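my_file18.tsv (TSV, C-alpha atoms)
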chain	number	residue	atom	x	y	z
A	1	MET	CA	5.03	20.81	-12.72
A	2	ASN	CA	2.25	18.85	-11.02
A	3	ALA	CA	2.16	21.11	-7.96
A	4	HIS	CA	1.38	24.83	-8.10
A	5	GLU	CA	4.42	27.13	-8.08
A	6	ILE	CA	4.23	29.44	-5.08
A	7	ASP	CA	6.37	32.24	-3.68
A	8	PHE	CA	6.82	32.68	0.05
A	9	GLU	CA	8.43	34.66	2.86
A	10	ILE	CA	9.03	33.49	6.44
A	11	TYR	CA	8.71	36.10	9.20
A	12	GLY	CA	9.72	36.09	12.86
A	13	GLU	CA	12.39	34.44	14.93
A	14	GLU	CA	10.99	32.09	17.56
A	15	MET	CA	7.26	32.34	16.76
A	16	GLN	CA	7.33	32.23	12.99
A	17	TYR	CA	4.71	32.41	10.29
A	18	VAL	CA	5.00	31.88	6.55
A	19	GLU	CA	3.35	34.23	4.05
A	20	ILE	CA	2.58	32.57	0.71
A	21	GLU	CA	1.97	34.60	-2.42
A	22	LEU	CA	-0.54	33.09	-4.84
A	23	ASP	CA	-0.96	34.00	-8.47
A	24	PRO	CA	-4.50	33.82	-9.91
A	25	GLN	CA	-5.86	30.24	-9.69
A	26	GLU	CA	-2.94	29.07	-7.56
A	27	ALA	CA	-3.73	27.27	-4.31
A	28	VAL	CA	-2.10	26.05	-1.13
A	29	VAL	CA	-3.32	23.34	1.26
A	30	ALA	CA	-2.81	23.43	5.03
A	31	GLU	CA	-3.53	21.55	8.20
A	32	ALA	CA	-6.64	22.66	10.05
A	33	GLY	CA	-5.81	25.26	12.69
A	34	SER	CA	-2.67	26.65	11.03
A	35	PHE	CA	-4.39	29.53	9.19
A	36	MET	CA	-3.38	33.04	10.32
A	37	MET	CA	-4.61	35.67	7.81
A	38	MET	CA	-5.36	36.19	4.11
A	39	ASP	CA	-6.19	38.84	1.53
A	40	SER	CA	-9.58	39.27	-0.06
A	41	ASP	CA	-10.34	37.21	-3.20
A	42	ILE	CA	-8.85	34.08	-1.61
A	43	LYS	CA	-11.42	31.31	-1.38
A	44	MET	CA	-11.15	28.87	1.52
A	45	ASP	CA	-12.48	25.37	0.96
A	46	THR	CA	-12.43	22.19	3.08
A	47	ILE	CA	-11.31	19.14	1.09
A	48	PHE	CA	-10.77	15.43	1.64
A	49	GLY	CA	-7.12	14.52	2.09
A	50	ASP	CA	-4.43	16.73	0.60
A	51	GLY	CA	-6.09	17.78	-2.66
A	52	SER	CA	-3.53	16.01	-4.85
A	53	ASN	CA	-6.09	13.55	-6.25
A	54	GLN	CA	-9.25	15.62	-6.57
A	55	ASP	CA	-9.85	14.27	-10.08
A	56	THR	CA	-10.19	10.69	-8.84
A	57	GLY	CA	-13.39	9.02	-7.77
A	58	VAL	CA	-15.02	9.00	-4.37
A	59	LEU	CA	-13.18	5.87	-3.24
A	60	GLY	CA	-9.83	7.39	-4.21
A	61	LYS	CA	-10.55	10.51	-2.19
A	62	LEU	CA	-11.70	8.49	0.81
A	63	PHE	CA	-8.57	6.32	0.68
A	64	SER	CA	-6.33	9.38	0.51
A	65	ALA	CA	-8.11	11.01	3.44
A	66	GLY	CA	-8.27	7.77	5.43
A	67	LYS	CA	-4.48	7.42	5.38
A	68	ARG	CA	-4.26	10.63	7.39
A	69	LEU	CA	-6.17	9.04	10.26
A	70	LEU	CA	-3.25	6.65	10.76
A	71	THR	CA	-0.96	9.63	11.47
A	72	GLY	CA	-3.42	11.10	13.97
A	73	GLU	CA	-4.54	13.90	11.64
A	74	SER	CA	-8.02	14.93	10.51
A	75	LEU	CA	-9.73	13.50	7.43
A	76	PHE	CA	-9.93	17.01	6.06
A	77	MET	CA	-7.50	19.73	5.02
A	78	THR	CA	-8.14	23.32	4.00
A	79	ALA	CA	-7.38	24.67	0.52
A	80	PHE	CA	-6.85	28.38	-0.16
A	81	LEU	CA	-7.38	29.39	-3.80
A	82	ASN	CA	-6.71	32.80	-5.32
A	83	ILE	CA	-9.85	33.60	-7.38
A	84	GLY	CA	-8.87	37.25	-7.96
A	85	GLN	CA	-7.01	38.96	-10.76
A	86	GLY	CA	-3.73	39.86	-9.07
A	87	LYS	CA	-1.30	38.35	-6.58
A	88	LYS	CA	-2.73	37.63	-3.14
A	89	GLN	CA	-1.19	36.54	0.17
A	90	VAL	CA	-2.22	33.97	2.75
A	91	SER	CA	-0.29	33.26	5.96
A	92	PHE	CA	0.09	30.24	8.24
A	93	ALA	CA	1.57	30.18	11.74
A	94	SER	CA	3.58	27.59	13.61
A	95	PRO	CA	1.56	26.12	16.52
A	96	TYR	CA	4.38	26.38	19.10
A	97	PRO	CA	7.76	28.18	19.45
A	98	GLY	CA	10.27	27.07	16.87
A	99	LYS	CA	11.08	27.33	13.19
A	100	ILE	CA	9.29	26.84	9.87
A	101	ILE	CA	11.39	24.96	7.31
A	102	PRO	CA	10.71	25.28	3.56
A	103	ILE	CA	11.16	21.99	1.71
A	104	ASP	CA	11.55	22.12	-2.08
A	105	LEU	CA	10.63	18.56	-3.03
A	106	SER	CA	12.11	18.98	-6.51
A	107	GLU	CA	15.55	19.23	-4.84
A	108	PHE	CA	15.00	16.04	-2.81
A	109	GLN	CA	14.03	13.65	-5.63
A	110	GLY	CA	10.35	14.22	-4.97
A	111	LYS	CA	10.09	12.74	-1.47
A	112	PHE	CA	10.67	13.86	2.12
A	113	ILE	CA	9.86	11.83	5.26
A	114	CYS	CA	8.97	13.68	8.46
A	115	GLN	CA	7.49	13.12	11.90
A	116	LYS	CA	3.72	12.79	12.09
A	117	ASP	CA	2.87	16.29	13.32
A	118	ALA	CA	5.54	18.27	11.43
A	119	PHE	CA	3.56	19.17	8.28
A	120	LEU	CA	2.21	22.75	8.16
A	121	CYS	CA	1.20	23.53	4.56
A	122	ALA	CA	2.17	22.91	0.93
A	123	ALA	CA	1.46	23.93	-2.63
A	124	LYS	CA	-1.62	22.20	-3.99
A	125	GLY	CA	-0.52	19.05	-5.80
A	126	VAL	CA	1.90	17.90	-3.12
A	127	SER	CA	0.83	14.52	-1.74
A	128	VAL	CA	0.78	14.11	2.05
A	129	GLY	CA	0.82	10.38	2.76
A	130	ILE	CA	2.15	7.85	5.26
A	131	GLU	CA	5.46	6.02	5.50
A	132	PHE	CA	5.40	2.63	7.23
A	133	SER	CA	8.46	1.46	9.12
A	134	LYS	CA	9.74	-1.89	7.89
A	135	ARG	CA	11.78	-2.50	11.04
A	136	LEU	CA	10.24	-3.80	14.25
A	137	GLY	CA	12.71	-2.03	16.53
A	138	ARG	CA	12.16	1.30	14.85
A	139	GLY	CA	8.40	0.92	15.11
A	140	LEU	CA	8.35	-0.13	18.76
A	141	PHE	CA	11.04	2.13	20.18
A	142	GLY	CA	11.55	4.91	17.66
A	143	GLY	CA	9.34	7.49	19.34
A	144	GLU	CA	7.37	7.96	16.11
A	145	GLY	CA	5.93	4.43	15.99
A	146	PHE	CA	5.50	2.45	12.80
A	147	ILE	CA	4.08	5.39	10.85
A	148	MET	CA	5.63	8.66	9.71
A	149	GLN	CA	4.45	11.21	7.17
A	150	LYS	CA	5.81	11.41	3.63
A	151	LEU	CA	5.58	14.43	1.36
A	152	GLU	CA	5.75	13.63	-2.35
A	153	GLY	CA	5.68	15.75	-5.49
A	154	ASP	CA	7.64	18.54	-7.11
A	155	GLY	CA	6.38	21.59	-5.22
A	156	MET	CA	7.07	23.49	-2.02
A	157	ALA	CA	6.09	22.12	1.38
A	158	PHE	CA	6.57	23.62	4.83
A	159	VAL	CA	7.22	21.78	8.09
A	160	HIS	CA	7.55	23.20	11.58
A	161	ALA	CA	9.80	22.20	14.46
A	162	GLY	CA	10.47	23.17	18.07
A	163	GLY	CA	13.36	25.33	19.25
A	164	THR	CA	16.35	25.78	16.94
A	165	THR	CA	16.84	23.59	13.88
A	166	ALA	CA	19.94	22.01	12.38
A	167	LYS	CA	20.46	20.75	8.83
A	168	LYS	CA	22.95	17.92	8.37
A	169	VAL	CA	24.09	16.67	4.97
A	170	LEU	CA	25.38	13.11	5.33
A	171	GLY	CA	27.75	11.49	2.90
A	172	PRO	CA	27.56	7.82	1.88
A	173	GLY	CA	27.93	5.67	5.00
A	174	GLU	CA	28.19	8.69	7.32
A	175	THR	CA	26.15	8.17	10.50
A	176	LEU	CA	24.46	10.61	12.86
A	177	LYS	CA	23.08	9.53	16.24
A	178	VAL	CA	20.06	11.52	17.41
A	179	ASP	CA	17.51	11.50	20.22
A	180	THR	CA	14.43	9.92	18.64
A	181	GLY	CA	12.17	12.89	19.44
A	182	CYS	CA	14.58	15.43	17.91
A	183	ILE	CA	14.16	14.21	14.33
A	184	ILE	CA	12.15	16.54	12.09
A	185	GLY	CA	12.60	14.65	8.84
A	186	PHE	CA	15.02	13.31	6.25
A	187	THR	CA	15.33	12.57	2.55
A	188	LYS	CA	14.31	9.23	1.11
A	189	ASP	CA	17.81	7.72	0.77
A	190	VAL	CA	18.65	8.12	4.46
A	191	ASP	CA	18.64	4.82	6.37
A	192	TYR	CA	16.82	5.23	9.70
A	193	ASN	CA	17.17	2.72	12.51
A	194	ILE	CA	17.02	2.48	16.33
A	195	GLU	CA	19.87	1.37	18.59
A	196	PHE	CA	19.92	0.42	22.26
A	197	ILE	CA	22.11	2.77	24.29
A	198	GLY	CA	23.53	-0.06	26.39
A	199	GLY	CA	25.28	-0.07	29.74
A	200	ILE	CA	23.54	-0.59	33.07
A	201	LYS	CA	24.36	2.92	34.32
A	202	ASN	CA	23.13	4.54	31.12
A	203	THR	CA	19.96	2.48	31.23
A	204	ILE	CA	19.05	3.16	34.85
A	205	PHE	CA	20.54	6.57	35.58
A	206	GLY	CA	21.15	8.20	32.18
A	207	GLY	CA	17.83	10.01	31.94
A	208	GLU	CA	18.04	10.03	28.13
A	209	GLY	CA	15.86	7.02	27.40
A	210	LEU	CA	16.90	3.54	26.35
A	211	PHE	CA	17.24	4.12	22.59
A	212	TYR	CA	18.56	6.62	20.10
A	213	ALA	CA	18.11	6.93	16.36
A	214	THR	CA	20.89	6.29	13.87
A	215	LEU	CA	20.63	8.08	10.54
A	216	ARG	CA	23.00	6.84	7.84
A	217	GLY	CA	23.68	8.72	4.61
A	218	PRO	CA	23.68	9.67	1.88
A	219	GLY	CA	21.03	12.29	2.35
A	220	THR	CA	19.87	15.35	4.27
A	221	VAL	CA	18.56	15.32	7.84
A	222	TYR	CA	16.75	18.06	9.78
A	223	ILE	CA	17.00	18.09	13.59
A	224	GLN	CA	15.07	20.11	16.21
A	225	SER	CA	16.45	21.18	19.59
A	226	LEU	CA	13.12	21.21	21.45
A	227	PRO	CA	10.52	18.56	20.47
A	228	PHE	CA	7.02	19.52	21.55
A	229	SER	CA	6.77	16.34	23.64
A	230	ARG	CA	9.80	17.45	25.66
A	231	LEU	CA	8.36	20.94	26.13
A	232	ALA	CA	4.99	19.53	27.20
A	233	GLY	CA	6.68	17.16	29.63
A	234	ARG	CA	8.51	20.01	31.38
A	235	VAL	CA	5.30	22.03	31.61
A	236	LEU	CA	3.42	19.08	33.12
A	237	ALA	CA	6.23	18.44	35.58
A	238	SER	CA	6.01	22.03	36.86
A	239	ILE	CA	2.25	21.96	37.49
A	240	PRO	CA	1.57	21.99	41.26
A	241	ARG	CA	0.26	18.67	42.58
A	242	GLY	CA	-2.59	18.66	45.08
A	243	GLY	CA	-2.92	22.43	44.97
A	244	LYS	CA	0.61	23.01	46.32
A	245	ASP	CA	2.96	25.39	44.53
A	246	LYS	CA	6.58	24.28	44.21
A	247	GLY	CA	7.71	27.89	44.58
A	248	GLU	CA	10.47	27.58	42.00
A	249	GLY	CA	12.83	30.51	41.70
A	250	SER	CA	12.60	31.58	45.35
A	251	ILE	CA	14.02	30.10	48.55
A	252	LEU	CA	10.92	31.49	50.28
A	253	GLY	CA	8.59	29.31	48.24
A	254	GLY	CA	4.96	30.46	48.46
A	255	LEU	CA	5.90	33.43	50.66
A	256	GLY	CA	8.20	34.58	47.89
A	257	ASN	CA	5.23	34.84	45.55
A	258	LEU	CA	3.59	37.32	47.89
A	259	LEU	CA	6.72	39.45	47.95
A	260	ASP	CA	7.58	39.39	44.24
A	261	GLY	CA	4.09	40.20	42.98
A	262	ASP	CA	3.34	36.76	41.58
A	263	ASN	CA	0.01	36.49	43.36
A	264	ARG	CA	-2.39	33.84	42.07
A	265	PHE	CA	-5.60	33.44	44.08
So, in terms of structure tokens, how does the structure I just supplied come out?
Amino acid sequence: MNAHEIDFEIYGEEMQYVEIELDPQEAVVAEAGSFMMMDSDIKMDTIFGDGSNQDTGVLGKLFSAGKRLLTGESLFMTAFLNIGQGKKQVSFASPYPGKIIPIDLSEFQGKFICQKDAFLCAAKGVSVGIEFSKRLGRGLFGGEGFIMQKLEGDGMAFVHAGGTTAKKVLGPGETLKVDTGCIIGFTKDVDYNIEFIGGIKNTIFGGEGLFYATLRGPGTVYIQSLPFSRLAGRVLASIPRGGKDKGEGSILGGLGNLLDGDNRF
């Protein structure tokens, strides 16, 4: 095993966190801002990149960290190392309502491709890199651009998604059509492409965008019901413009807020 072997437990329903149990000298790496709590005797350290190539030279570390900038992430990650004598726990929380999905890379031939902001944490030794799209249409219209994240190694990794998640196992040649923003990730043998929805009514009045993703097996695909971009869009749409409240939920509008106790001055 190149990656550390870690045990874990996922708690919660819609606002989940994952508790990872570390044996002495075992470590886990995580995105900045995902830390929740930890036991004593766990040392926290900021590292370049993902920590999978800490034995390489300075240029190797800088190259590994620099790749993360292309996915919109920080140059740095945080490593949590158990320096005590017994088992210790450290926990990481999902940044928005949804699910945390454990990915055992040893079961997926050592590689899993996911959307750019899906990665939460992983056993130290797992490589968090970038996956370039080789298709122009996918890069321009796929919602994720030309670059996605790839997780490589033989250890455990954890990704998070919005809403409820679905796992689809596709057979050879079997195709699944998905909204581009609803993709969490897929295994390396899945063929991912973008198709135009077509039809003048669909294009102008459909409200579902102009493109959807086609995922062709064999392989495993993970889908989310509520992408964060969709959630953020609905929140922005409900913000009052020009200081005027839309008064949703009441035929009385602003007067209804005075009557139902929703008073914001």
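In this model, the gap between CA of Thr220 (chain A) and CA of Val159 (chain A) comes to 14.7 Å.
Close contacts of region 106-110 of chain A, defined as residues with an atom at most 10 Å away when counting only C-alpha atoms, with chain neighbours fewer than 5 positions off set aside, comprise Met1, Val126, Leu151, Glu152, Gly153, Asp154, Gly155, Met156, Phe186, Thr187, Lys188, Asp189, Gly219 and Thr220 of chain A.
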Report task. Do a neighbour search on Ile184 (chain A) at 7 Å with only C-alpha atoms, toss out local chain neighbours closer than 6 positions, and write the hits as an NGL selection string. Result -> :A and (114-115 or 118 or 161 or 222-224)
Please report as a tab-separated table every residue of region 89-133 of chain A lying within 6 Å of region 2-10 of chain A, along with the nearest atom pair and their distance in Å (one decimal), using all atoms listed in the file.
residue	atom	partner	partner_atom	distance
A:Ala123	CA	A:His4	CA	5.5
A:Lys124	CA	A:Ala3	CA	5.6
A:Gly125	CA	A:Ala3	CA	4.0
A:Val126	CA	A:Ala3	CA	5.8
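Across the model, the gap from CA of Leu176 (chain A) to CA of Thr214 (chain A) is 5.7 Å.
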Hey, what's within 6 Å of Ile113 (chain A) if we count only C-alpha atoms and toss same-chain stuff fewer than 4 positions away? As an mmCIF file with C-alpha atoms, keeping the file's coordinate frame, please?
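The file below, out39.cif, is the result:
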data_model
loop_
_atom_site.group_PDB
_atom_site.id
_atom_site.type_symbol
_atom_site.label_atom_id
_atom_site.label_comp_id
_atom_site.auth_asym_id
_atom_site.auth_seq_id
_atom_site.Cartn_x
_atom_site.Cartn_y
_atom_site.Cartn_z
ATOM 1 C CA GLN A 149 4.450 11.210 7.170
ATOM 2 C CA LYS A 150 5.810 11.410 3.630
ATOM 3 C CA GLY A 185 12.600 14.650 8.840
ATOM 4 C CA PHE A 186 15.020 13.310 6.250
#
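Compared by their closest atoms to Lys111 (chain A), and using all atoms listed in the file, the residues A:Val178, A:Ala166, A:Ser127, A:Gln25 rank with A:Ser127 nearest.
For the atom pair formed by CA of Gln85 (chain A) and CA of Pro24 (chain A), the distance is 5.8 Å, given to one decimal.
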Query - Nearby residues (only C-alpha atoms) at most 6 Å from region 36-39 of chain A, same-chain spacing under 5 positions excluded, as number ranges by chain - result: A: 88-93
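Among the candidates A:Tyr96, A:Phe158, A:Tyr11, A:Tyr212, the residue lying nearest to Thr180 (chain A) is A:Tyr212 (atoms considered: only C-alpha atoms).
The nearest approach to Gly173 (chain A) among the residues A:Leu81, A:Ala157, A:Met44, A:Leu215, with all atoms listed in the file taken into account, belongs to A:Leu215.
Excluding Thr164 (chain A) itself and any same-chain residue fewer than 6 positions from it, the protein and nucleic acid residues within 12 Å of it, counting only C-alpha atoms, are Glu13, Glu14, Met15, Gln16, Pro97, Gly98, Lys99, Ile100, Ile101, Cys182, Ile184, Tyr222, Ile223, Gln224, Ser225, Leu226 and Pro227 of chain A.
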Based on the selection just made, write C-alpha atoms of those residues as an mmCIF file, in the frame of the given file.
data_model
loop_
_atom_site.group_PDB
_atom_site.id
_atom_site.type_symbol
_atom_site.label_atom_id
_atom_site.label_comp_id
_atom_site.auth_asym_id
_atom_site.auth_seq_id
_atom_site.Cartn_x
_atom_site.Cartn_y
_atom_site.Cartn_z
ATOM 1 C CA GLU A 13 12.390 34.440 14.930
ATOM 2 C CA GLU A 14 10.990 32.090 17.560
ATOM 3 C CA MET A 15 7.260 32.340 16.760
ATOM 4 C CA GLN A 16 7.330 32.230 12.990
ATOM 5 C CA PRO A 97 7.760 28.180 19.450
ATOM 6 C CA GLY A 98 10.270 27.070 16.870
ATOM 7 C CA LYS A 99 11.080 27.330 13.190
ATOM 8 C CA ILE A 100 9.290 26.840 9.870
ATOM 9 C CA ILE A 101 11.390 24.960 7.310
ATOM 10 C CA CYS A 182 14.580 15.430 17.910
ATOM 11 C CA ILE A 184 12.150 16.540 12.090
ATOM 12 C CA TYR A 222 16.750 18.060 9.780
ATOM 13 C CA ILE A 223 17.000 18.090 13.590
ATOM 14 C CA GLN A 224 15.070 20.110 16.210
ATOM 15 C CA SER A 225 16.450 21.180 19.590
ATOM 16 C CA LEU A 226 13.120 21.210 21.450
ATOM 17 C CA PRO A 227 10.520 18.560 20.470
#
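Take the candidates A:Ile20, A:Ile130, A:Val169, A:Ile194 and check each one against Lys87 (chain A) using all atoms listed in the file; the shortest distance goes to A:Ile20.
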Can you find the residues with an atom no farther than 7 Å from (-5.7, 27.7, -2.0), counting all atoms listed in the file, and report them as an mmCIF file with C-alpha atoms, keeping the file's coordinate frame?
data_model
loop_
_atom_site.group_PDB
_atom_site.id
_atom_site.type_symbol
_atom_site.label_atom_id
_atom_site.label_comp_id
_atom_site.auth_asym_id
_atom_site.auth_seq_id
_atom_site.Cartn_x
_atom_site.Cartn_y
_atom_site.Cartn_z
ATOM 1 C CA GLU A 26 -2.940 29.070 -7.560
ATOM 2 C CA ALA A 27 -3.730 27.270 -4.310
ATOM 3 C CA VAL A 28 -2.100 26.050 -1.130
ATOM 4 C CA VAL A 29 -3.320 23.340 1.260
ATOM 5 C CA LYS A 43 -11.420 31.310 -1.380
ATOM 6 C CA MET A 44 -11.150 28.870 1.520
ATOM 7 C CA ALA A 79 -7.380 24.670 0.520
ATOM 8 C CA PHE A 80 -6.850 28.380 -0.160
ATOM 9 C CA LEU A 81 -7.380 29.390 -3.800
ATOM 10 C CA ASN A 82 -6.710 32.800 -5.320
#
Query raised in the report: Taking (0.9, 17.9, 4.9) in the file's coordinates as the center, which residues reach within 7 Å of it, counting only C-alpha atoms, put as an MDAnalysis selection string?
Result: chainID A and resid 30:31 50 119:122 128 151
Written selection (C-alpha atoms) as a CSV table (one decimal), in the coordinates of the input:
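Wrote it out as part.csv, contents follow:
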chain,number,residue,atom,x,y,z
A,30,ALA,CA,-2.8,23.4,5.0
A,31,GLU,CA,-3.5,21.6,8.2
A,50,ASP,CA,-4.4,16.7,0.6
A,119,PHE,CA,3.6,19.2,8.3
A,120,LEU,CA,2.2,22.8,8.2
A,121,CYS,CA,1.2,23.5,4.6
A,122,ALA,CA,2.2,22.9,0.9
A,128,VAL,CA,0.8,14.1,2.0
A,151,LEU,CA,5.6,14.4,1.4
Keeping N, CA, C and O atoms (and nothing else), can you write region 150-161 of chain A of this structure as a short mmCIF file (atom, residue, chain, number, x, y, z; two decimals), in the first residue's frame?
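As written to disk, out29.cif reads:
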data_model
loop_
_atom_site.label_atom_id
_atom_site.label_comp_id
_atom_site.auth_asym_id
_atom_site.auth_seq_id
_atom_site.Cartn_x
_atom_site.Cartn_y
_atom_site.Cartn_z
N LYS A 150 -8.66 14.56 -10.56
CA LYS A 150 -8.51 13.12 -10.57
C LYS A 150 -7.84 12.69 -9.27
O LYS A 150 -6.90 13.32 -8.80
N LEU A 151 -8.36 11.64 -8.69
CA LEU A 151 -7.82 11.05 -7.47
C LEU A 151 -7.17 9.74 -7.85
O LEU A 151 -7.81 8.86 -8.43
N GLU A 152 -5.88 9.59 -7.52
CA GLU A 152 -5.14 8.40 -7.91
C GLU A 152 -4.44 7.79 -6.70
O GLU A 152 -3.99 8.51 -5.81
N GLY A 153 -4.35 6.47 -6.71
CA GLY A 153 -3.67 5.76 -5.62
C GLY A 153 -4.39 4.49 -5.26
O GLY A 153 -5.19 3.95 -6.04
N ASP A 154 -4.13 4.01 -4.06
CA ASP A 154 -4.77 2.77 -3.61
C ASP A 154 -5.40 2.92 -2.22
O ASP A 154 -5.65 1.94 -1.54
N GLY A 155 -5.67 4.16 -1.82
CA GLY A 155 -6.24 4.40 -0.50
C GLY A 155 -7.66 4.92 -0.56
O GLY A 155 -8.31 4.93 -1.60
N MET A 156 -8.15 5.39 0.58
CA MET A 156 -9.50 5.93 0.69
C MET A 156 -9.49 7.42 0.41
O MET A 156 -8.60 8.15 0.87
N ALA A 157 -10.49 7.88 -0.32
CA ALA A 157 -10.72 9.30 -0.55
C ALA A 157 -12.19 9.58 -0.29
O ALA A 157 -13.04 8.68 -0.37
N PHE A 158 -12.50 10.83 0.02
CA PHE A 158 -13.87 11.21 0.33
C PHE A 158 -14.24 12.45 -0.49
O PHE A 158 -13.51 13.43 -0.51
N VAL A 159 -15.38 12.36 -1.17
CA VAL A 159 -15.90 13.49 -1.93
C VAL A 159 -17.27 13.86 -1.37
O VAL A 159 -17.95 13.03 -0.78
N HIS A 160 -17.66 15.11 -1.56
CA HIS A 160 -18.97 15.54 -1.07
C HIS A 160 -19.81 16.05 -2.23
O HIS A 160 -19.29 16.47 -3.27
N ALA A 161 -21.13 15.96 -2.06
CA ALA A 161 -22.06 16.33 -3.11
C ALA A 161 -23.30 16.95 -2.49
O ALA A 161 -23.56 16.80 -1.30
#
